[in-house]
$ cat protein.pdb   # PDB, C-alpha atoms and all ligand atoms
MODEL        1
ATOM      1  CA  MET A   1     -52.898  96.105 -42.857
ATOM      2  CA  LYS A   2     -49.615  95.352 -44.647
ATOM      3  CA  TYR A   3     -50.881  91.992 -45.938
ATOM      4  CA  GLN A   4     -54.137  90.423 -47.015
ATOM      5  CA  GLY A   5     -53.069  86.841 -46.464
ATOM      6  CA  ILE A   6     -50.537  84.660 -44.676
ATOM      7  CA  ILE A   7     -49.176  81.413 -46.109
ATOM      8  CA  PHE A   8     -47.795  79.078 -43.472
ATOM      9  CA  ASP A   9     -45.328  76.285 -43.958
ATOM     10  CA  LEU A  10     -46.609  73.271 -42.005
ATOM     11  CA  ASP A  11     -43.762  71.078 -40.671
ATOM     12  CA  GLY A  12     -41.768  73.095 -38.126
ATOM     13  CA  VAL A  13     -44.144  76.078 -38.185
ATOM     14  CA  ILE A  14     -47.681  74.946 -37.327
ATOM     15  CA  CYS A  15     -46.512  71.724 -35.692
ATOM     16  CA  SER A  16     -43.375  69.714 -35.151
ATOM     17  CA  THR A  17     -42.983  66.584 -37.250
ATOM     18  CA  ASP A  18     -39.164  66.689 -37.453
ATOM     19  CA  HIS A  19     -38.685  63.872 -34.983
ATOM     20  CA  TYR A  20     -41.084  61.569 -36.836
ATOM     21  CA  HIS A  21     -39.317  62.328 -40.134
ATOM     22  CA  TYR A  22     -36.037  61.570 -38.362
ATOM     23  CA  LEU A  23     -37.227  58.246 -36.933
ATOM     24  CA  ALA A  24     -38.619  57.087 -40.279
ATOM     25  CA  TRP A  25     -35.524  58.089 -42.303
ATOM     26  CA  LYS A  26     -33.266  56.623 -39.598
ATOM     27  CA  ALA A  27     -35.069  53.261 -39.777
ATOM     28  CA  LEU A  28     -34.616  53.176 -43.565
ATOM     29  CA  ALA A  29     -30.963  54.271 -43.357
ATOM     30  CA  ASP A  30     -30.216  51.664 -40.671
ATOM     31  CA  ARG A  31     -31.791  48.931 -42.786
ATOM     32  CA  LEU A  32     -29.626  49.976 -45.750
ATOM     33  CA  GLY A  33     -26.506  50.335 -43.577
ATOM     34  CA  ILE A  34     -26.187  54.080 -44.242
ATOM     35  CA  TYR A  35     -25.053  56.533 -41.547
ATOM     36  CA  PHE A  36     -27.762  59.057 -40.626
ATOM     37  CA  ASP A  37     -28.064  61.506 -37.748
ATOM     38  CA  GLU A  38     -30.031  64.568 -36.580
ATOM     39  CA  THR A  39     -27.633  66.955 -38.348
ATOM     40  CA  ILE A  40     -28.291  65.294 -41.702
ATOM     41  CA  ASN A  41     -32.010  65.267 -40.826
ATOM     42  CA  ASN A  42     -31.878  69.066 -40.462
ATOM     43  CA  ARG A  43     -30.862  69.331 -44.114
ATOM     44  CA  LEU A  44     -34.177  67.695 -45.091
ATOM     45  CA  ARG A  45     -36.214  70.617 -43.746
ATOM     46  CA  GLY A  46     -38.496  71.961 -46.486
ATOM     47  CA  VAL A  47     -37.039  69.536 -49.035
ATOM     48  CA  SER A  48     -39.362  67.197 -50.994
ATOM     49  CA  ARG A  49     -39.529  63.494 -50.149
ATOM     50  CA  MET A  50     -37.484  62.355 -53.171
ATOM     51  CA  ALA A  51     -34.909  65.139 -52.731
ATOM     52  CA  SER A  52     -34.677  64.142 -49.053
ATOM     53  CA  LEU A  53     -34.012  60.543 -50.076
ATOM     54  CA  GLU A  54     -31.154  61.695 -52.315
ATOM     55  CA  ILE A  55     -29.580  63.433 -49.304
ATOM     56  CA  VAL A  56     -29.998  60.281 -47.183
ATOM     57  CA  LEU A  57     -28.376  58.212 -49.967
ATOM     58  CA  GLU A  58     -25.374  60.573 -50.313
ATOM     59  CA  ARG A  59     -23.454  58.351 -47.883
ATOM     60  CA  SER A  60     -24.413  55.102 -49.612
ATOM     61  CA  THR A  61     -21.736  53.165 -51.463
ATOM     62  CA  VAL A  62     -24.428  51.444 -53.532
ATOM     63  CA  VAL A  63     -26.014  53.117 -56.557
ATOM     64  CA  TYR A  64     -29.750  52.411 -56.609
ATOM     65  CA  THR A  65     -32.171  52.369 -59.539
ATOM     66  CA  GLU A  66     -35.094  54.802 -59.764
ATOM     67  CA  GLU A  67     -37.458  51.889 -58.983
ATOM     68  CA  GLU A  68     -35.530  51.032 -55.830
ATOM     69  CA  LYS A  69     -35.527  54.694 -54.790
ATOM     70  CA  ALA A  70     -39.297  54.928 -55.280
ATOM     71  CA  ALA A  71     -39.709  51.836 -53.080
ATOM     72  CA  PHE A  72     -37.439  53.333 -50.386
ATOM     73  CA  ALA A  73     -39.449  56.576 -50.378
ATOM     74  CA  GLU A  74     -42.666  54.594 -50.014
ATOM     75  CA  GLU A  75     -41.170  52.502 -47.202
ATOM     76  CA  LYS A  76     -40.148  55.667 -45.335
ATOM     77  CA  ASN A  77     -43.525  57.270 -45.910
ATOM     78  CA  ASN A  78     -45.447  54.230 -44.638
ATOM     79  CA  LEU A  79     -43.426  54.272 -41.443
ATOM     80  CA  TYR A  80     -43.763  58.056 -41.143
ATOM     81  CA  ARG A  81     -47.551  57.859 -41.504
ATOM     82  CA  GLU A  82     -47.704  55.184 -38.801
ATOM     83  CA  LEU A  83     -45.821  57.576 -36.504
ATOM     84  CA  LEU A  84     -48.113  60.480 -37.465
ATOM     85  CA  LYS A  85     -51.015  58.492 -36.016
ATOM     86  CA  ASN A  86     -49.548  59.413 -32.603
ATOM     87  CA  MET A  87     -50.303  63.075 -33.285
ATOM     88  CA  SER A  88     -53.407  64.641 -31.792
ATOM     89  CA  PRO A  89     -54.811  68.127 -31.078
ATOM     90  CA  ALA A  90     -52.456  68.105 -28.063
ATOM     91  CA  ASP A  91     -49.625  68.599 -30.607
ATOM     92  CA  LEU A  92     -51.024  71.988 -31.592
ATOM     93  CA  ALA A  93     -49.492  74.538 -29.221
ATOM     94  CA  PRO A  94     -52.098  76.848 -27.637
ATOM     95  CA  GLU A  95     -49.954  79.838 -28.669
ATOM     96  CA  VAL A  96     -50.148  78.771 -32.322
ATOM     97  CA  LYS A  97     -53.936  78.308 -32.260
ATOM     98  CA  GLU A  98     -54.506  81.590 -30.409
ATOM     99  CA  THR A  99     -52.295  83.488 -32.855
ATOM    100  CA  LEU A 100     -54.022  81.923 -35.872
ATOM    101  CA  ASP A 101     -57.413  82.893 -34.426
ATOM    102  CA  ALA A 102     -56.206  86.464 -33.799
ATOM    103  CA  LEU A 103     -54.865  86.782 -37.362
ATOM    104  CA  ARG A 104     -58.142  85.537 -38.787
ATOM    105  CA  ALA A 105     -60.048  87.989 -36.583
ATOM    106  CA  GLU A 106     -57.980  90.766 -38.204
ATOM    107  CA  GLY A 107     -59.482  89.731 -41.553
ATOM    108  CA  LEU A 108     -56.465  87.974 -43.012
ATOM    109  CA  LYS A 109     -56.867  84.968 -45.301
ATOM    110  CA  LEU A 110     -54.861  82.031 -43.974
ATOM    111  CA  GLY A 111     -53.310  79.359 -46.197
ATOM    112  CA  ILE A 112     -50.790  76.539 -46.096
ATOM    113  CA  GLY A 113     -47.721  76.287 -48.365
ATOM    114  CA  SER A 114     -46.030  72.968 -47.592
ATOM    115  CA  SER A 115     -43.854  70.537 -49.565
ATOM    116  CA  SER A 116     -45.523  67.642 -47.762
ATOM    117  CA  LYS A 117     -47.915  65.246 -49.444
ATOM    118  CA  ASN A 118     -49.154  64.377 -45.946
ATOM    119  CA  THR A 119     -50.386  67.917 -45.233
ATOM    120  CA  LYS A 120     -54.107  67.121 -44.988
ATOM    121  CA  PHE A 121     -53.500  64.058 -42.825
ATOM    122  CA  ILE A 122     -51.309  66.040 -40.404
ATOM    123  CA  LEU A 123     -53.771  68.950 -40.220
ATOM    124  CA  SER A 124     -56.601  66.574 -39.433
ATOM    125  CA  GLN A 125     -54.514  64.797 -36.757
ATOM    126  CA  ILE A 126     -53.890  68.104 -34.928
ATOM    127  CA  GLY A 127     -57.490  69.282 -35.231
ATOM    128  CA  LEU A 128     -56.990  71.844 -38.026
ATOM    129  CA  GLY A 129     -58.555  69.778 -40.805
ATOM    130  CA  ASP A 130     -61.060  72.485 -41.720
ATOM    131  CA  PHE A 131     -59.230  75.542 -40.432
ATOM    132  CA  PHE A 132     -57.221  76.979 -43.336
ATOM    133  CA  ASP A 133     -58.872  78.837 -46.218
ATOM    134  CA  LYS A 134     -56.715  77.109 -48.845
ATOM    135  CA  ILE A 135     -53.962  74.503 -48.963
ATOM    136  CA  SER A 136     -51.069  74.374 -51.421
ATOM    137  CA  ASP A 137     -48.891  71.333 -50.776
ATOM    138  CA  GLY A 138     -46.739  68.577 -52.209
ATOM    139  CA  THR A 139     -49.742  67.172 -54.086
ATOM    140  CA  ASN A 140     -50.155  70.232 -56.339
ATOM    141  CA  ILE A 141     -46.570  71.136 -57.208
ATOM    142  CA  THR A 142     -43.897  69.775 -59.508
ATOM    143  CA  ARG A 143     -40.963  71.775 -58.127
ATOM    144  CA  SER A 144     -39.879  71.818 -54.496
ATOM    145  CA  LYS A 145     -38.742  74.812 -52.397
ATOM    146  CA  PRO A 146     -36.585  76.915 -52.969
ATOM    147  CA  ASP A 147     -38.685  77.083 -56.149
ATOM    148  CA  PRO A 148     -41.559  79.538 -55.510
ATOM    149  CA  GLU A 149     -44.254  77.273 -57.029
ATOM    150  CA  VAL A 150     -45.886  76.145 -53.762
ATOM    151  CA  PHE A 151     -46.327  79.748 -52.543
ATOM    152  CA  LEU A 152     -47.416  81.147 -55.934
ATOM    153  CA  LYS A 153     -50.091  78.418 -56.087
ATOM    154  CA  GLY A 154     -51.052  79.261 -52.506
ATOM    155  CA  ALA A 155     -51.554  82.943 -53.390
ATOM    156  CA  GLU A 156     -53.528  81.943 -56.477
ATOM    157  CA  TYR A 157     -55.793  79.659 -54.396
ATOM    158  CA  LEU A 158     -56.336  82.480 -51.888
ATOM    159  CA  GLU A 159     -57.068  84.820 -54.831
ATOM    160  CA  LEU A 160     -54.390  87.250 -53.692
ATOM    161  CA  ALA A 161     -51.465  88.938 -55.437
ATOM    162  CA  PRO A 162     -48.106  87.509 -54.264
ATOM    163  CA  ALA A 163     -47.087  90.900 -52.823
ATOM    164  CA  ALA A 164     -50.174  90.847 -50.570
ATOM    165  CA  CYS A 165     -49.002  87.622 -48.889
ATOM    166  CA  LEU A 166     -46.612  86.994 -46.017
ATOM    167  CA  VAL A 167     -44.918  83.577 -45.780
ATOM    168  CA  VAL A 168     -44.004  81.954 -42.441
ATOM    169  CA  GLU A 169     -41.151  79.434 -42.677
ATOM    170  CA  ASP A 170     -38.695  77.400 -40.585
ATOM    171  CA  ALA A 171     -36.446  76.420 -43.531
ATOM    172  CA  LYS A 172     -33.893  78.461 -45.456
ATOM    173  CA  ALA A 173     -35.199  76.873 -48.687
ATOM    174  CA  GLY A 174     -38.666  78.160 -47.759
ATOM    175  CA  ILE A 175     -37.462  81.720 -47.144
ATOM    176  CA  GLU A 176     -35.708  81.642 -50.533
ATOM    177  CA  ALA A 177     -38.906  80.328 -52.143
ATOM    178  CA  ALA A 178     -40.932  83.168 -50.607
ATOM    179  CA  THR A 179     -38.452  85.782 -51.863
ATOM    180  CA  ALA A 180     -38.495  84.221 -55.331
ATOM    181  CA  ALA A 181     -42.317  84.426 -55.234
ATOM    182  CA  GLY A 182     -42.133  88.177 -54.481
ATOM    183  CA  MET A 183     -43.462  87.691 -50.949
ATOM    184  CA  ASP A 184     -42.247  88.990 -47.602
ATOM    185  CA  SER A 185     -41.239  86.260 -45.156
ATOM    186  CA  ALA A 186     -41.129  85.626 -41.422
ATOM    187  CA  ALA A 187     -38.508  83.145 -40.231
ATOM    188  CA  ILE A 188     -39.010  81.018 -37.147
ATOM    189  CA  GLY A 189     -36.700  78.421 -35.576
ATOM    190  CA  ASP A 190     -33.895  77.150 -37.812
ATOM    191  CA  ALA A 191     -34.630  79.650 -40.637
ATOM    192  CA  VAL A 192     -33.711  82.628 -38.438
ATOM    193  CA  LYS A 193     -30.025  81.650 -38.813
ATOM    194  CA  CYS A 194     -29.985  82.287 -42.566
ATOM    195  CA  GLY A 195     -30.645  86.015 -42.061
ATOM    196  CA  LEU A 196     -32.619  86.251 -45.324
ATOM    197  CA  ALA A 197     -36.153  86.807 -44.009
ATOM    198  CA  THR A 198     -38.080  90.078 -43.797
ATOM    199  CA  TYR A 199     -38.814  89.348 -40.115
ATOM    200  CA  ASN A 200     -37.234  87.040 -37.567
ATOM    201  CA  LEU A 201     -39.622  85.615 -34.982
ATOM    202  CA  THR A 202     -38.592  84.543 -31.506
ATOM    203  CA  ARG A 203     -41.983  82.995 -30.921
ATOM    204  CA  PHE A 204     -45.042  82.306 -33.055
ATOM    205  CA  ALA A 205     -47.115  85.074 -31.448
ATOM    206  CA  ASP A 206     -44.526  87.647 -32.695
ATOM    207  CA  LEU A 207     -46.306  87.275 -36.027
ATOM    208  CA  LEU A 208     -48.989  89.625 -34.747
ATOM    209  CA  ASN A 209     -46.371  92.438 -34.759
ATOM    210  CA  CYS A 210     -45.523  91.810 -38.446
ATOM    211  CA  VAL A 211     -48.991  92.394 -39.871
ATOM    212  CA  ASP A 212     -50.066  95.729 -38.351
TER     213      ASP A 212
HETATM  214  C1  LIG B   1     -41.559  69.187 -45.645
HETATM  215  C2  LIG B   1     -40.548  68.682 -44.631
HETATM  216  O1  LIG B   1     -42.558  69.908 -44.994
HETATM  217  O2  LIG B   1     -42.164  68.104 -46.343
HETATM  218  C3  LIG B   1     -39.533  67.803 -45.339
HETATM  219  O3  LIG B   1     -39.901  69.781 -44.024
HETATM  220  C4  LIG B   1     -40.248  66.677 -46.074
HETATM  221  O4  LIG B   1     -38.621  67.292 -44.409
HETATM  222  C5  LIG B   1     -41.250  67.272 -47.052
HETATM  223  O5  LIG B   1     -39.307  65.861 -46.781
HETATM  224  C6  LIG B   1     -42.047  66.208 -47.803
HETATM  225  O6  LIG B   1     -42.888  65.556 -46.897
HETATM  226  P1  LIG B   1     -43.775  64.276 -47.183
HETATM  227  O7  LIG B   1     -44.704  64.240 -46.010
HETATM  228  O8  LIG B   1     -44.505  64.500 -48.466
HETATM  229  O9  LIG B   1     -42.853  63.113 -47.256
HETATM  230 MG    MG B   2     -40.855  73.439 -42.476
ENDMDL
END

$ encode --input "protein.pdb" --output "structure tokens"
Amino acid sequence: MKYQGIIFDLDGVICSTDHYHYLAWKALADRLGIYFDETINNRLRGVSRMASLEIVLERSTVVYTEEEKAAFAEEKNNLYRELLKNMSPADLAPEVKETLDALRAEGLKLGIGSSSKNTKFILSQIGLGDFFDKISDGTNITRSKPDPEVFLKGAEYLELAPAACLVVEDAKAGIEAATAAGMDSAAIGDAVKCGLATYNLTRFADLLNCVD
């Protein structure tokens, strides 16, 4: 086996939360009178909540205080979490679950490396609350992707050397973070475009070809 463990990004890799992020940011932007669309939303992929807010506020003519920004981030998150309540095990694609099971059967340790502070809530909504061996997420890091911290912590939690881990990512910032951590990476979805990953996946099950 080329790897001993795989660290998966969550949003956009294991499940799709993009639209809920979009709806919640859009509601905040509309309330503040700031233009926001799906293209801007794409730039928030892999980016921490506060860094995402800064991108949303780029088009604002008003300069807000740190207190106001913290309140805006909380407002967005409350709305986002309400929307996440709509998620269920039906939002976990059978192909994803079957591939995860096959990777585990090959003896690989499986972890999460996500910027999201809602990671555990989302995993439990889609029926994967107890599935992963270890979780590194927005609650245990101080620096967001493209900084390697979330993946280095993930490898540490899995008790693996960084070079023994493969990262799966849908964001360019996540591929850069994996490279900075000394890990190979597999890009899926939007991240394929950046051309920086070790592997480019057309579908999730292609991952099985990367580990043999
Ligand atoms: C990432 C998403 O997984 O988590 C980003 O791709 C998001 O769009 C980030 O901003 C932080 O998420 P949360 O759930 O902590 O607000
Ligand atoms: Mg992602």

$ residues_near_ligand --input "protein.pdb" --ligand "ligand LIG 1 (chain B)" --cutoff "9 Å" --atoms "all atoms listed in the file" --output "ChimeraX atom specification"
/A:9-12,17-18,21-22,41-53,73-74,76-77,80-81,113-119,122,137-139,144,170-171

$ axis_aligned_box --input "protein.pdb" --around "segment 65-79 of chain A" --padding-each-side "6 Å" --output "AutoDock Vina command-line options"
--center_x -38.8 --center_y 54.2 --center_z -50.6 --size_x 25.3 --size_y 18.2 --size_z 30.3

$ atom_distance --input "protein.pdb" --atom1 "atom CA of Val62 of chain A" --atom2 "atom CA of Asp37 of chain A"
19.1 Å

$ closest_residue --input "protein.pdb" --among "A:Gln4, A:Ser16, A:Ser88, A:Asn200" --to "ligand MG 2 (chain B)" --atoms "all atoms listed in the file"
A:Ser16

$ residues_around --input "protein.pdb" --residues "Ala180 of chain A" --least-positions-apart "6" --cutoff "10 Å" --atoms "all atoms listed in the file" --output "JSON, numbers by chain"
{"A": [145, 146, 147, 148, 149, 151, 152, 174]}

$ closest_residue --input "protein.pdb" --among "A:Asp212, A:Glu98, A:Glu169, A:Glu68" --to "ligand MG 2 (chain B)" --atoms "all atoms listed in the file"
A:Glu169

$ closest_residue --input "protein.pdb" --among "A:Asp206, A:Glu82, A:Asp101, A:Asp190" --to "ligand MG 2 (chain B)" --atoms "all atoms listed in the file"
A:Asp190

$ closest_residue --input "protein.pdb" --among "A:Ala173, A:Ala102, A:Ile141, A:Ile126" --to "ligand MG 2 (chain B)" --atoms "all atoms listed in the file"
A:Ala173

$ residues_around --input "protein.pdb" --residues "Ala24 of chain A" --least-positions-apart "4" --cutoff "9 Å" --atoms "all atoms listed in the file" --output "PyMOL selection string"
chain A and resi 19-20+28-29+75-80+83

$ write_last_selection --input "protein.pdb" --atoms "C-alpha atoms" --output "compact mmCIF listing (two decimals), keeping the file's coordinate frame"
# COMPACT_ATOMS: atom_id res chain seq x y z
CA HIS A 19 -38.68 63.87 -34.98
CA TYR A 20 -41.08 61.57 -36.84
CA LEU A 28 -34.62 53.18 -43.56
CA ALA A 29 -30.96 54.27 -43.36
CA GLU A 75 -41.17 52.50 -47.20
CA LYS A 76 -40.15 55.67 -45.34
CA ASN A 77 -43.52 57.27 -45.91
CA ASN A 78 -45.45 54.23 -44.64
CA LEU A 79 -43.43 54.27 -41.44
CA TYR A 80 -43.76 58.06 -41.14
CA LEU A 83 -45.82 57.58 -36.50
